[in-house]
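**Q** My questions all concern the structure below.
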Amino acid sequence: MASHRPAVLTDQPYTDPNPLPSSVPHVDELGVTSAPLKSASFFIGQHCKEVNEDFMLCKQENRDPAHCLSEGRKVTRCAADVIGKIKESCLEEFNSHWQCLEKNNQYFQACRKPEKALNQCKLSKTIPGSPEGQPQIHEKSSPIFTRVQK
């Protein structure tokens with residue numbers, strides 16, 4: 001019994017063995033990893049709130065994954081739109097923030113300085129559930145930059 005398999009290299013692109021039905025509209029994948037998605041998460045959440053809520057309501061209606069494919073595609077399109085806008089207007093700030101997240105195990109606390117530069121860009125950011133009448137965490141004038149809060 002062999003403990004390894006021989007490597008099989010093909011020059012052909014990957015094709016999905018189970019393609020979606022033609023009734024589901026096609027949408028390209030975002031093409032980003034978890035760090036850029038986390039960096040853009042608040043912008044995506046704010047810009048795509050209605051589409052995300054429609055998707056979650058659809059998931060509550062029916063537990064069948066095929067039932068909400070079109071709503072999921074709308075969420076993907078909206079997120080791709082937001083990431084495209086961020087890249088157009090704030091590419092350097094976005095890259096420095098998500099690379100900081102990548103290097104610091106996805107902790108926002110370790111990347112507040114690059115986050116501040118990203119938030120001062122042309123896009124607006126509102127954190128859901130934050131207290132009314134108080135500044136957002138990213139708008140505080142003298143935040144404490146520590147990795148662990150005591």
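Ordered as shown in the structure tokens, chains take letters A, B, and onward, while each chain numbers its residues from 1 and ligands are numbered from 1 in the order shown.
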If you count only C-alpha atoms, which residues fall within 10 Å of range 62-67 of chain A, apart from same-chain ones fewer than 6 positions away, as a compact mmCIF listing (two decimals) with all heavy atoms, in the first residue's frame?
**A**
# COMPACT_ATOMS: atom_id res chain seq x y z
N LEU A 20 -24.47 24.94 -12.15
CA LEU A 20 -25.77 25.44 -11.73
C LEU A 20 -26.77 25.37 -12.88
O LEU A 20 -26.38 25.42 -14.06
CB LEU A 20 -25.64 26.89 -11.27
CG LEU A 20 -24.90 27.09 -9.96
CD1 LEU A 20 -24.69 28.57 -9.71
CD2 LEU A 20 -25.67 26.48 -8.82
N PRO A 21 -28.04 25.29 -12.58
CA PRO A 21 -29.04 25.29 -13.66
C PRO A 21 -29.05 26.63 -14.38
O PRO A 21 -28.63 27.66 -13.83
CB PRO A 21 -30.36 25.04 -12.92
CG PRO A 21 -30.09 25.34 -11.50
CD PRO A 21 -28.65 25.15 -11.26
N VAL A 24 -30.55 29.99 -12.88
CA VAL A 24 -29.83 30.81 -11.90
C VAL A 24 -28.86 31.70 -12.67
O VAL A 24 -28.02 31.20 -13.41
CB VAL A 24 -29.07 29.93 -10.89
CG1 VAL A 24 -28.28 30.78 -9.93
CG2 VAL A 24 -30.04 29.04 -10.16
**Q** Quick one: pick out all helix (DSSP H, G or I) residues within chain A from a backbone DSSP run and write them as a compact mmCIF listing (two decimals) with C-alpha atoms, in the first residue's frame.
**A**
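Wrote states.txt, looks like this:
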# COMPACT_ATOMS: atom_id res chain seq x y z
CA SER A 34 -10.73 36.27 4.05
CA ALA A 35 -8.49 39.23 5.02
CA PRO A 36 -9.74 41.61 2.27
CA LEU A 37 -13.32 40.49 2.98
CA LYS A 38 -12.90 41.22 6.68
CA SER A 39 -11.29 44.57 5.90
CA SER A 41 -16.87 43.86 5.93
CA PHE A 42 -18.35 47.00 7.50
CA PHE A 43 -18.57 48.73 4.12
CA ILE A 44 -20.22 45.65 2.61
CA GLY A 45 -22.61 45.37 5.56
CA GLN A 46 -23.68 48.99 5.23
CA HIS A 47 -23.95 49.08 1.44
CA LYS A 49 -27.88 45.67 4.03
CA GLU A 50 -31.16 45.22 2.13
CA VAL A 51 -29.80 42.46 -0.10
CA ASN A 52 -28.32 40.61 2.89
CA GLU A 53 -31.61 40.86 4.79
CA ASP A 54 -33.51 39.48 1.79
CA PHE A 55 -31.08 36.56 1.63
CA MET A 56 -31.43 35.81 5.35
CA LEU A 57 -35.23 35.97 5.16
CA CYS A 58 -35.15 33.58 2.22
CA LYS A 59 -32.95 31.17 4.22
CA GLN A 60 -35.46 31.29 7.08
CA GLU A 61 -38.36 30.53 4.75
CA PRO A 65 -29.98 25.55 -0.40
CA ALA A 66 -31.29 25.73 -3.97
CA HIS A 67 -34.22 27.90 -2.88
CA CYS A 68 -32.09 31.02 -2.29
CA LEU A 69 -29.51 30.81 -5.08
CA SER A 70 -30.67 33.96 -6.84
CA GLU A 71 -30.64 35.97 -3.58
CA GLY A 72 -27.15 34.65 -2.84
CA ARG A 73 -26.03 35.79 -6.27
CA LYS A 74 -27.36 39.28 -5.52
CA VAL A 75 -25.31 39.34 -2.31
CA THR A 76 -22.19 38.31 -4.22
CA ARG A 77 -22.78 40.99 -6.88
CA CYS A 78 -23.27 43.66 -4.22
CA ALA A 79 -20.10 42.64 -2.36
CA ALA A 80 -18.14 42.66 -5.63
CA ASP A 81 -19.46 46.16 -6.34
CA VAL A 82 -18.34 47.43 -2.93
CA ILE A 83 -14.88 45.86 -3.20
CA GLY A 84 -14.52 47.38 -6.67
CA LYS A 85 -15.41 50.84 -5.32
CA ILE A 86 -12.93 50.45 -2.46
CA LYS A 87 -10.19 49.43 -4.87
CA GLU A 88 -10.95 52.38 -7.17
CA SER A 89 -10.85 55.06 -4.50
CA CYS A 90 -8.66 53.70 -1.66
CA LEU A 91 -6.42 50.96 -3.03
CA GLU A 92 -3.30 51.74 -0.94
CA GLU A 93 -5.22 52.12 2.33
CA PHE A 94 -7.26 48.98 1.62
CA ASN A 95 -4.15 46.93 0.82
CA SER A 96 -2.30 48.08 3.94
CA HIS A 97 -5.31 47.29 6.15
CA TRP A 98 -6.02 43.82 4.85
CA GLN A 99 -2.32 42.94 4.82
CA CYS A 100 -2.13 44.03 8.47
CA LEU A 101 -5.11 41.79 9.23
CA GLU A 102 -3.41 38.94 7.41
CA LYS A 103 -0.23 39.35 9.47
CA GLN A 109 -7.38 45.63 17.42
CA ALA A 110 -3.88 45.19 16.01
CA CYS A 111 -4.71 47.14 12.84
CA ARG A 112 -6.43 50.31 14.06
CA LYS A 113 -3.89 52.68 12.46
CA PRO A 114 -4.29 51.32 8.90
CA GLU A 115 -8.04 51.06 9.57
CA LYS A 116 -8.14 54.76 10.45
CA ALA A 117 -6.47 55.62 7.15
CA LEU A 118 -8.99 53.43 5.30
CA ASN A 119 -11.93 55.02 7.12
CA ILE A 137 -14.72 53.04 17.60
CA HIS A 138 -12.81 54.15 14.52
CA GLU A 139 -13.63 57.85 15.14
**Q** What is the distance, in Å and to one decimal place, between CA of Lys122 in chain A and CA of Ala40 in chain A?
**A**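 We find that CA of Lys122 in chain A and CA of Ala40 in chain A lie 13.4 Å from each other.
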**Q** Find the distance between CA of Cys121 in chain A and CA of Val27 in chain A and write it in Å to one decimal.
**A**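 According to the coordinates, CA of Cys121 in chain A and CA of Val27 in chain A are separated by 28.0 Å.
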